[in-house]
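Listing of structure-v2.txt, compact mmCIF, C-alpha atoms and all ligand atoms
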# COMPACT_ATOMS: atom_id res chain seq x y z
CA MET V 5 -15.80 -0.29 -21.34
CA ASP V 6 -13.00 2.22 -20.73
CA LYS V 7 -9.48 1.51 -22.00
CA ARG V 8 -7.83 4.34 -20.05
CA PRO V 9 -5.31 3.06 -17.47
CA ILE V 10 -5.80 2.71 -13.73
CA GLY V 11 -3.33 4.94 -11.86
CA VAL V 12 -1.60 3.39 -8.84
CA PHE V 13 1.03 5.04 -6.68
CA ASP V 14 3.16 4.60 -3.59
CA SER V 15 6.35 6.03 -2.16
CA GLY V 16 8.28 3.10 -3.64
CA ALA V 17 7.91 -0.62 -4.17
CA GLY V 18 5.12 -1.19 -1.60
CA GLY V 19 2.28 -0.49 -4.03
CA LEU V 20 3.49 -3.35 -6.21
CA THR V 21 1.52 -5.60 -3.86
CA ALA V 22 -1.64 -3.90 -5.16
CA VAL V 23 -0.43 -4.08 -8.78
CA ARG V 24 0.15 -7.83 -8.50
CA GLN V 25 -3.41 -8.25 -7.26
CA LEU V 26 -4.92 -5.91 -9.89
CA GLN V 27 -3.15 -7.81 -12.67
CA ALA V 28 -4.53 -11.09 -11.31
CA ILE V 29 -8.15 -9.97 -11.00
CA LEU V 30 -8.27 -7.49 -13.90
CA PRO V 31 -5.99 -8.89 -16.62
CA GLY V 32 -7.56 -6.63 -19.28
CA GLU V 33 -6.65 -3.39 -17.52
CA ASN V 34 -3.82 -1.06 -18.41
CA ILE V 35 -2.05 0.24 -15.31
CA VAL V 36 0.23 3.23 -14.79
CA TYR V 37 2.28 2.85 -11.61
CA PHE V 38 4.26 5.64 -10.01
CA GLY V 39 6.77 4.85 -7.24
CA ASP V 40 8.34 7.91 -5.62
CA THR V 41 11.64 6.11 -5.10
CA GLY V 42 13.60 9.36 -4.99
CA ARG V 43 11.69 10.50 -1.88
CA VAL V 44 10.87 7.23 -0.08
CA PRO V 45 10.12 6.88 2.83
CA TYR V 46 7.00 8.97 3.31
CA GLY V 47 6.05 7.41 6.63
CA THR V 48 8.57 9.30 8.76
CA ARG V 49 7.66 12.73 7.31
CA SER V 50 5.23 15.44 8.40
CA PRO V 51 1.60 15.42 7.18
CA ALA V 52 2.25 18.61 5.15
CA THR V 53 5.18 17.03 3.28
CA ILE V 54 3.30 13.77 2.69
CA GLN V 55 0.34 15.70 1.30
CA GLN V 56 2.57 17.81 -0.97
CA TYR V 57 4.29 14.67 -2.35
CA ALA V 58 1.00 12.82 -2.80
CA GLU V 59 -0.57 15.75 -4.68
CA GLN V 60 2.41 15.78 -7.08
CA ASP V 61 2.12 12.00 -7.56
CA ILE V 62 -1.58 12.37 -8.34
CA ARG V 63 -0.97 15.25 -10.80
CA PHE V 64 1.52 13.02 -12.61
CA LEU V 65 -1.00 10.17 -12.82
CA LEU V 66 -3.71 12.54 -14.07
CA SER V 67 -1.30 13.70 -16.80
CA GLN V 68 -1.30 10.05 -17.97
CA ASP V 69 -5.08 10.19 -18.51
CA VAL V 70 -5.92 7.65 -15.80
CA LYS V 71 -9.59 6.79 -15.20
CA PHE V 72 -9.19 5.88 -11.52
CA ILE V 73 -6.58 6.43 -8.80
CA LEU V 74 -5.55 3.85 -6.23
CA ALA V 75 -3.33 5.26 -3.48
CA ALA V 76 -1.54 2.01 -2.72
CA CYS V 77 0.08 3.58 0.31
CA GLY V 78 -1.18 3.49 3.88
CA THR V 79 0.63 6.69 4.74
CA VAL V 80 -0.93 8.69 1.90
CA SER V 81 -4.35 7.12 2.50
CA SER V 82 -4.13 8.16 6.17
CA THR V 83 -2.98 11.71 5.41
CA LEU V 84 -4.90 13.09 2.40
CA PRO V 85 -8.03 14.95 3.54
CA LYS V 86 -11.33 13.67 2.19
CA SER V 87 -12.14 17.17 0.91
CA TYR V 88 -9.10 16.88 -1.39
CA THR V 89 -9.72 13.32 -2.62
CA ASP V 90 -13.43 14.10 -3.19
CA SER V 91 -12.43 17.02 -5.43
CA LEU V 92 -10.30 14.90 -7.79
CA PRO V 93 -11.57 14.64 -11.39
CA VAL V 94 -11.49 10.81 -11.28
CA PRO V 95 -12.60 8.32 -8.59
CA TYR V 96 -10.06 7.66 -5.84
CA VAL V 97 -9.59 4.79 -3.42
CA GLY V 98 -7.07 4.39 -0.59
CA VAL V 99 -6.08 1.32 1.41
CA VAL V 100 -7.38 2.04 4.92
CA GLY V 101 -11.10 1.36 4.48
CA ALA V 102 -10.51 -1.84 2.51
CA ALA V 103 -8.11 -3.25 5.12
CA VAL V 104 -10.44 -2.33 7.99
CA ASP V 105 -13.39 -4.10 6.34
CA ALA V 106 -11.28 -7.24 5.79
CA ALA V 107 -9.98 -7.21 9.39
CA ILE V 108 -13.48 -6.90 10.82
CA ALA V 109 -14.64 -9.79 8.68
CA ALA V 110 -11.67 -11.89 9.87
CA THR V 111 -11.56 -11.27 13.62
CA LYS V 112 -13.33 -13.57 16.05
CA ASN V 113 -11.95 -12.31 19.37
CA LYS V 114 -12.16 -8.61 18.37
CA ARG V 115 -8.48 -8.06 19.21
CA ILE V 116 -6.79 -6.55 16.15
CA GLY V 117 -3.19 -5.43 15.74
CA VAL V 118 -2.23 -2.64 13.33
CA ILE V 119 1.32 -2.19 12.12
CA ALA V 120 2.18 0.71 9.84
CA THR V 121 4.51 3.67 9.36
CA PRO V 122 4.90 6.27 12.15
CA ALA V 123 2.78 8.80 10.19
CA THR V 124 -0.05 6.29 9.76
CA ILE V 125 -0.01 5.17 13.40
CA ARG V 126 0.09 8.83 14.54
CA SER V 127 -2.95 9.62 12.38
CA LYS V 128 -4.98 6.84 14.10
CA SER V 129 -6.69 6.27 10.73
CA TYR V 130 -7.05 2.49 11.08
CA GLU V 131 -7.90 2.67 14.77
CA GLN V 132 -10.70 5.21 14.27
CA ARG V 133 -12.26 3.32 11.39
CA LEU V 134 -12.04 0.00 13.22
CA LYS V 135 -13.78 1.51 16.25
CA ALA V 136 -16.41 3.19 14.07
CA SER V 137 -17.30 -0.17 12.51
CA LEU V 138 -16.92 -2.35 15.60
CA PRO V 139 -17.25 -0.28 18.79
CA ASP V 140 -16.07 -3.02 21.21
CA VAL V 141 -12.94 -3.86 19.20
CA GLN V 142 -9.57 -3.66 20.95
CA VAL V 143 -6.86 -2.24 18.74
CA PHE V 144 -3.12 -2.69 19.31
CA PRO V 145 -1.17 -0.27 17.09
CA ARG V 146 2.60 -0.30 16.51
CA ALA V 147 4.78 1.81 14.21
CA CYS V 148 7.50 -0.18 12.45
CA PRO V 149 9.75 2.48 10.89
CA MET V 150 12.56 0.12 9.88
CA PHE V 151 10.42 -2.21 7.76
CA VAL V 152 10.24 0.12 4.73
CA PRO V 153 14.03 0.61 4.38
CA LEU V 154 14.53 -3.15 4.88
CA VAL V 155 12.10 -3.91 2.04
CA GLU V 156 13.45 -1.18 -0.26
CA ASN V 157 16.95 -2.59 0.30
CA GLY V 158 15.94 -6.17 -0.39
CA TYR V 159 16.08 -7.75 3.09
CA VAL V 160 13.05 -9.85 2.22
CA LYS V 161 14.25 -13.44 1.88
CA PRO V 162 12.50 -16.07 4.03
CA HIS V 163 14.02 -16.14 7.55
CA ASP V 164 16.29 -13.16 6.77
CA PRO V 165 18.08 -12.82 10.15
CA ILE V 166 18.09 -9.01 10.30
CA THR V 167 14.43 -8.56 9.32
CA THR V 168 13.43 -11.43 11.63
CA ALA V 169 15.23 -9.83 14.60
CA ILE V 170 13.61 -6.44 13.97
CA ALA V 171 10.18 -8.01 13.37
CA THR V 172 10.46 -9.90 16.67
CA GLU V 173 11.27 -6.66 18.49
CA TYR V 174 8.36 -4.78 16.86
CA LEU V 175 5.73 -7.53 17.08
CA GLU V 176 6.37 -9.28 20.40
CA GLU V 177 4.08 -6.99 22.41
CA ILE V 178 1.19 -7.28 19.91
CA ARG V 179 1.61 -11.06 19.82
CA ARG V 180 1.45 -11.23 23.63
CA GLN V 181 -1.84 -9.28 23.53
CA GLY V 182 -3.46 -12.29 21.83
CA VAL V 183 -4.63 -10.59 18.64
CA ASP V 184 -6.17 -12.96 16.10
CA THR V 185 -5.87 -10.49 13.21
CA LEU V 186 -3.02 -8.19 12.20
CA ILE V 187 -3.45 -5.42 9.63
CA LEU V 188 -0.32 -4.88 7.52
CA GLY V 189 -1.23 -1.21 7.25
CA CYS V 190 1.71 -0.23 5.08
CA THR V 191 1.82 -1.69 1.59
CA HIS V 192 5.51 -2.49 1.91
CA TYR V 193 4.86 -4.99 4.70
CA PRO V 194 3.23 -7.80 2.65
CA LEU V 195 6.60 -8.15 0.95
CA ILE V 196 7.89 -9.52 4.28
CA ALA V 197 4.58 -11.18 5.27
CA HIS V 198 6.32 -14.58 5.52
CA ILE V 199 8.69 -13.19 8.19
CA ILE V 200 5.84 -11.42 10.04
CA ALA V 201 3.82 -14.67 9.94
CA ASP V 202 6.76 -16.60 11.42
CA VAL V 203 6.82 -14.21 14.39
CA MET V 204 3.04 -14.00 14.89
CA GLY V 205 2.36 -17.73 14.52
CA PRO V 206 -0.21 -19.65 12.47
CA ASP V 207 -3.32 -18.54 14.39
CA VAL V 208 -3.08 -14.88 13.40
CA THR V 209 -4.70 -13.75 10.14
CA LEU V 210 -2.60 -11.16 8.28
CA ILE V 211 -4.52 -8.51 6.33
CA ASP V 212 -2.71 -7.22 3.24
CA ALA V 213 -3.88 -3.61 2.78
CA GLY V 214 -2.66 -3.42 -0.84
CA ARG V 215 -4.45 -6.59 -1.86
CA GLU V 216 -7.69 -5.56 -0.14
CA ALA V 217 -7.55 -2.13 -1.80
CA ALA V 218 -7.10 -3.74 -5.21
CA LEU V 219 -10.22 -5.83 -4.59
CA LYS V 220 -12.09 -2.68 -3.56
CA ALA V 221 -10.86 -0.88 -6.69
CA HIS V 222 -12.25 -3.73 -8.79
CA ASP V 223 -15.68 -3.37 -7.17
CA ALA V 224 -15.65 0.42 -7.60
CA LEU V 225 -14.64 0.18 -11.27
CA ALA V 226 -17.38 -2.36 -11.93
CA GLN V 227 -19.97 -0.21 -10.19
CA LEU V 228 -18.94 2.89 -12.13
CA ASN V 229 -18.93 0.98 -15.40
CA LEU V 230 -15.25 1.79 -15.93
CA LEU V 231 -13.89 -1.74 -16.46
CA SER V 232 -12.01 -2.73 -19.57
CA ASN V 233 -12.94 -6.34 -20.17
CA SER V 234 -11.14 -7.13 -23.40
CA GLY V 235 -7.58 -7.78 -24.48
CA THR V 236 -4.47 -8.03 -22.34
CA GLY V 237 -3.55 -5.08 -20.19
CA HIS V 238 -0.10 -3.56 -19.97
CA THR V 239 1.54 -2.10 -16.87
CA ARG V 240 3.88 0.86 -17.26
CA TYR V 241 6.10 1.82 -14.32
CA TYR V 242 7.42 5.29 -13.53
CA VAL V 243 9.80 6.21 -10.71
CA SER V 244 11.54 9.33 -9.44
CA ASP V 245 14.91 7.58 -8.93
CA SER V 246 16.76 4.86 -10.89
CA ALA V 247 14.45 3.13 -13.38
CA GLU V 248 16.87 0.22 -13.69
CA SER V 249 16.84 -0.81 -10.05
CA PHE V 250 13.07 -0.47 -9.93
CA ALA V 251 12.70 -2.89 -12.83
CA ALA V 252 14.55 -5.43 -10.65
CA ALA V 253 12.09 -4.79 -7.79
CA VAL V 254 9.18 -5.38 -10.19
CA LYS V 255 10.64 -8.73 -11.23
CA LEU V 256 11.05 -9.68 -7.57
CA PHE V 257 7.70 -8.47 -6.24
CA VAL V 258 5.28 -8.75 -9.18
CA GLY V 259 6.81 -11.82 -10.80
CA PRO V 260 9.60 -12.69 -13.25
CA GLN V 261 7.18 -13.14 -16.16
CA SER V 262 5.75 -9.62 -15.82
CA SER V 263 6.83 -6.74 -18.03
CA SER V 264 8.98 -4.45 -15.88
CA GLU V 265 9.72 -1.57 -18.24
CA ALA V 266 10.30 1.51 -16.03
CA SER V 267 10.94 5.17 -16.86
CA HIS V 268 12.19 8.11 -14.84
CA VAL V 269 9.91 11.06 -14.00
CA ALA V 270 11.02 14.44 -12.65
CA ILE V 271 8.21 14.47 -10.09
CA GLU V 272 9.20 17.88 -8.70
CA ASN V 273 7.87 19.39 -11.96
CA TYR V 274 4.31 18.25 -11.23
N1 LIG A 301 4.11 1.88 1.42
C1 LIG A 301 3.74 3.05 2.11
C2 LIG A 301 2.64 2.84 3.10
O1 LIG A 301 1.79 2.03 2.80
C3 LIG A 301 4.76 4.06 2.46
C4 LIG A 301 5.94 3.64 3.21
C5 LIG A 301 6.87 4.81 3.38
O2 LIG A 301 7.23 5.41 2.39
O3 LIG A 301 7.22 5.10 4.52
O4 LIG A 301 2.55 3.45 4.13
Translate the structure of the given file into structure tokens.
Amino acid sequence: MDKRPIGVFDSGAGGLTAVRQLQAILPGENIVYFGDTGRVPYGTRSPATIQQYAEQDIRFLLSQDVKFILAACGTVSSTLPKSYTDSLPVPYVGVVGAAVDAAIAATKNKRIGVIATPATIRSKSYEQRLKASLPDVQVFPRACPMFVPLVENGYVKPHDPITTAIATEYLEEIRRQGVDTLILGCTHYPLIAHIIADVMGPDVTLIDAGREAALKAHDALAQLNLLSNSGTGHTRYYVSDSAESFAAAVKLFVGPQSSSEASHVAIENY
């Protein structure tokens, strides 16, 4: 039993998909969430910049005495070297491995699409892990750079005409390839999963990387004997831009009944 919080971070609101899942499966856990809203997006930046930002985010979480770190960001998970994450003083989990395992369990025709930020697609992180686990898999990757700004700016309503038009443009080629599974490799994308599902059709299974990583975090915490099984957990949100507008995003993406108290952090000091 360990009452220290779980640390979760992302460039912005995307990691809230993992928080929502963690709260559902681990209601006794305290969570500290950091969203780097002052520097979002990460996915169009260079690996060196992404790594520098992620290291600052992690130093902030460690300053909050977290017992475990979940990088709820496909871009960070695809960029941080294993030598760095292995050297952290607490256990760390990213989203790539969890999403790959779920996609392999879901596919029947071994044709899997991967959509993610340009940095993630460039890194080939999902592709390499898919091929390592299932050598005869066919992978269809596509960077979708406009999805993150659309989500951060609230273009997420069902059938939103702008997001639907852009999703159709991005996804048409993957759809025509006959994939039966599509990895939403950026944690912002599940927030428009309904629009992506409309374009892909009912026969394609969508894999939510944030949700799968939260499930993996649960298993890791249980294995390491780090779970907190009693009481009701509290989630505290920190952001590097306006705390007020982030609280609105929490209400929208985690749920209106959830506590959405958010504070500002000067992340450049970490
Ligand atoms: N949500 C993040 C990801 O999973 C980052 C998106 C971005 O900042 O570009 O890749």
Hey, which residues sit close to ligand LIG 301 (chain A)? Say within 10 Å, counting all atoms listed in the file, and write them as a PyMOL selection string. chain V and resi 13-21+39-41+43-49+54+75-82+98-100+119-125+148-153+155-156+188-194+213-214
Top pick for closest residue to Ser129 (chain V), considering V:Ala103, V:Ala169, V:Ala201, V:Ser246 and counting all atoms listed in the file: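 Closest to Ser129 (chain V) of all the choices is V:Ala103.
Considering the residues V:Tyr37, V:Asp61, V:Val97, V:Leu230 and counting only C-alpha atoms, Ala270 (chain V) has its shortest atom-to-atom contact with V:Asp61.
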Pull the neighbourhood of (-2.1, -8.1, -11.3) for me: all residues within 12 Å in file coordinates, counting only C-alpha atoms, as a PyMOL selection string. chain V and resi 10+12+19-35+37+214-215+218-219+222+236-239+254+257-259+261-263
Quote the spacing between CA of Ala253 (chain V) and CA of Thr89 (chain V) in Å to one decimal place. 28.8 Å
So which residues touch Arg133 (chain V) within 9 Å, counting only C-alpha atoms, skipping near sequence neighbours fewer than 4 positions away, as a CSV table (one decimal) with C-alpha atoms, keeping the file's coordinate frame?
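Contents of selection15.csv, freshly written:
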chain,number,residue,atom,x,y,z
V,100,VAL,CA,-7.4,2.0,4.9
V,101,GLY,CA,-11.1,1.4,4.5
V,104,VAL,CA,-10.4,-2.3,8.0
V,128,LYS,CA,-5.0,6.8,14.1
V,129,SER,CA,-6.7,6.3,10.7
V,137,SER,CA,-17.3,-0.2,12.5
V,138,LEU,CA,-16.9,-2.4,15.6
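Computed from the coordinates, the CA of Ile62 (chain V) to CA of Ala221 (chain V) distance equals 16.3 Å.
Atom to atom, CA of Glu265 (chain V) and CA of Arg63 (chain V) stand 21.3 Å apart.
Using all atoms listed in the file, the smallest distance between any of V:Ala217, V:Ala247, V:Ala106, V:Tyr242 and Gln68 (chain V) comes from V:Tyr242.
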Taking 3 positions as the minimum chain separation for residues in the same chain, which residues sit within 10 Å of Ile170 (chain V) when counting all atoms listed in the file? Answer as a PyMOL selection string. chain V and resi 148+150-151+154+165-167+173-175
Compile the contact shell of Asp6 (chain V) as a ChimeraX atom specification: residues with an atom at most 10 Å away, counting only C-alpha atoms, same-chain residues fewer than 3 positions apart removed. /V:9,33,71,225,229-234
Residues within 12 Å of Ile178 (chain V), all atoms listed in the file, excluding chain neighbours under 2 positions, as a ChimeraX atom specification: /V:115-119,142-147,171-176,180-187,200,203-205,208
Name the residues in contact with Gln55 (chain V) at a cut-off of 9 Å, using only C-alpha atoms, excluding same-chain residues fewer than 6 positions from it; report them as a ChimeraX atom specification. /V:80,83-85
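In terms of minimum interatomic distance to Ile211 (chain V), V:Asp105 ranks closest within V:Ala58, V:Val269, V:Asp223, V:Asp105, counting only C-alpha atoms.
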From the structure just shown, export region 115-180 of chain V with C-alpha atoms as a PDB file, in the first residue's frame.
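Okay, selection_16.pdb is ready:
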ATOM      1  CA  ARG V 115      -3.407  -5.088 -41.482  1.00  0.00           C
ATOM      2  CA  ILE V 116      -2.989  -2.344 -38.878  1.00  0.00           C
ATOM      3  CA  GLY V 117      -3.142   1.425 -39.351  1.00  0.00           C
ATOM      4  CA  VAL V 118      -1.203   3.793 -37.092  1.00  0.00           C
ATOM      5  CA  ILE V 119      -2.085   7.458 -36.824  1.00  0.00           C
ATOM      6  CA  ALA V 120       0.010   9.757 -34.660  1.00  0.00           C
ATOM      7  CA  THR V 121       1.968  13.005 -34.610  1.00  0.00           C
ATOM      8  CA  PRO V 122       4.710  13.627 -37.219  1.00  0.00           C
ATOM      9  CA  ALA V 123       7.451  13.005 -34.605  1.00  0.00           C
ATOM     10  CA  THR V 124       5.930   9.654 -33.622  1.00  0.00           C
ATOM     11  CA  ILE V 125       5.427   8.490 -37.207  1.00  0.00           C
ATOM     12  CA  ARG V 126       8.990   9.586 -38.080  1.00  0.00           C
ATOM     13  CA  SER V 127      10.366   7.570 -35.148  1.00  0.00           C
ATOM     14  CA  LYS V 128       8.661   4.376 -36.467  1.00  0.00           C
ATOM     15  CA  SER V 129       8.154   3.375 -32.813  1.00  0.00           C
ATOM     16  CA  TYR V 130       4.782   1.671 -33.317  1.00  0.00           C
ATOM     17  CA  GLU V 131       5.784   0.126 -36.631  1.00  0.00           C
ATOM     18  CA  GLN V 132       8.973  -1.433 -35.244  1.00  0.00           C
ATOM     19  CA  ARG V 133       7.253  -2.865 -32.190  1.00  0.00           C
ATOM     20  CA  LEU V 134       4.354  -4.220 -34.234  1.00  0.00           C
ATOM     21  CA  LYS V 135       6.775  -5.960 -36.591  1.00  0.00           C
ATOM     22  CA  ALA V 136       8.855  -7.293 -33.690  1.00  0.00           C
ATOM     23  CA  SER V 137       5.750  -8.915 -32.179  1.00  0.00           C
ATOM     24  CA  LEU V 138       4.054 -10.008 -35.407  1.00  0.00           C
ATOM     25  CA  PRO V 139       6.590 -10.308 -38.243  1.00  0.00           C
ATOM     26  CA  ASP V 140       4.020 -10.719 -41.068  1.00  0.00           C
ATOM     27  CA  VAL V 141       1.934  -7.703 -40.012  1.00  0.00           C
ATOM     28  CA  GLN V 142       1.324  -4.956 -42.575  1.00  0.00           C
ATOM     29  CA  VAL V 143       1.462  -1.501 -41.062  1.00  0.00           C
ATOM     30  CA  PHE V 144      -0.054   1.627 -42.614  1.00  0.00           C
ATOM     31  CA  PRO V 145       1.255   4.736 -40.830  1.00  0.00           C
ATOM     32  CA  ARG V 146      -0.053   8.294 -41.258  1.00  0.00           C
ATOM     33  CA  ALA V 147       0.883  11.523 -39.480  1.00  0.00           C
ATOM     34  CA  CYS V 148      -2.110  13.707 -38.626  1.00  0.00           C
ATOM     35  CA  PRO V 149      -0.564  17.027 -37.534  1.00  0.00           C
ATOM     36  CA  MET V 150      -3.817  18.999 -37.467  1.00  0.00           C
ATOM     37  CA  PHE V 151      -5.647  16.727 -35.019  1.00  0.00           C
ATOM     38  CA  VAL V 152      -3.868  18.048 -31.896  1.00  0.00           C
ATOM     39  CA  PRO V 153      -4.665  21.745 -32.522  1.00  0.00           C
ATOM     40  CA  LEU V 154      -8.259  20.795 -33.388  1.00  0.00           C
ATOM     41  CA  VAL V 155      -8.641  18.952 -30.076  1.00  0.00           C
ATOM     42  CA  GLU V 156      -6.857  21.638 -28.029  1.00  0.00           C
ATOM     43  CA  ASN V 157      -9.201  24.223 -29.578  1.00  0.00           C
ATOM     44  CA  GLY V 158     -12.340  22.218 -28.896  1.00  0.00           C
ATOM     45  CA  TYR V 159     -13.331  21.030 -32.394  1.00  0.00           C
ATOM     46  CA  VAL V 160     -14.474  17.739 -30.899  1.00  0.00           C
ATOM     47  CA  LYS V 161     -18.268  17.674 -31.139  1.00  0.00           C
ATOM     48  CA  PRO V 162     -19.851  14.686 -32.927  1.00  0.00           C
ATOM     49  CA  HIS V 163     -19.859  15.260 -36.711  1.00  0.00           C
ATOM     50  CA  ASP V 164     -17.906  18.531 -36.362  1.00  0.00           C
ATOM     51  CA  PRO V 165     -17.634  19.526 -40.059  1.00  0.00           C
ATOM     52  CA  ILE V 166     -14.046  20.815 -39.940  1.00  0.00           C
ATOM     53  CA  THR V 167     -12.621  17.848 -38.014  1.00  0.00           C
ATOM     54  CA  THR V 168     -14.637  15.435 -40.167  1.00  0.00           C
ATOM     55  CA  ALA V 169     -13.255  16.957 -43.390  1.00  0.00           C
ATOM     56  CA  ILE V 170      -9.668  16.782 -42.124  1.00  0.00           C
ATOM     57  CA  ALA V 171     -10.140  13.251 -40.756  1.00  0.00           C
ATOM     58  CA  THR V 172     -11.496  12.118 -44.129  1.00  0.00           C
ATOM     59  CA  GLU V 173      -8.445  13.564 -45.875  1.00  0.00           C
ATOM     60  CA  TYR V 174      -6.015  11.919 -43.418  1.00  0.00           C
ATOM     61  CA  LEU V 175      -7.723   8.529 -43.129  1.00  0.00           C
ATOM     62  CA  GLU V 176      -9.054   7.765 -46.605  1.00  0.00           C
ATOM     63  CA  GLU V 177      -5.880   6.016 -47.782  1.00  0.00           C
ATOM     64  CA  ILE V 178      -5.623   3.837 -44.640  1.00  0.00           C
ATOM     65  CA  ARG V 179      -9.305   2.948 -44.926  1.00  0.00           C
ATOM     66  CA  ARG V 180      -8.836   1.885 -48.554  1.00  0.00           C
TER      67      ARG V 180
END
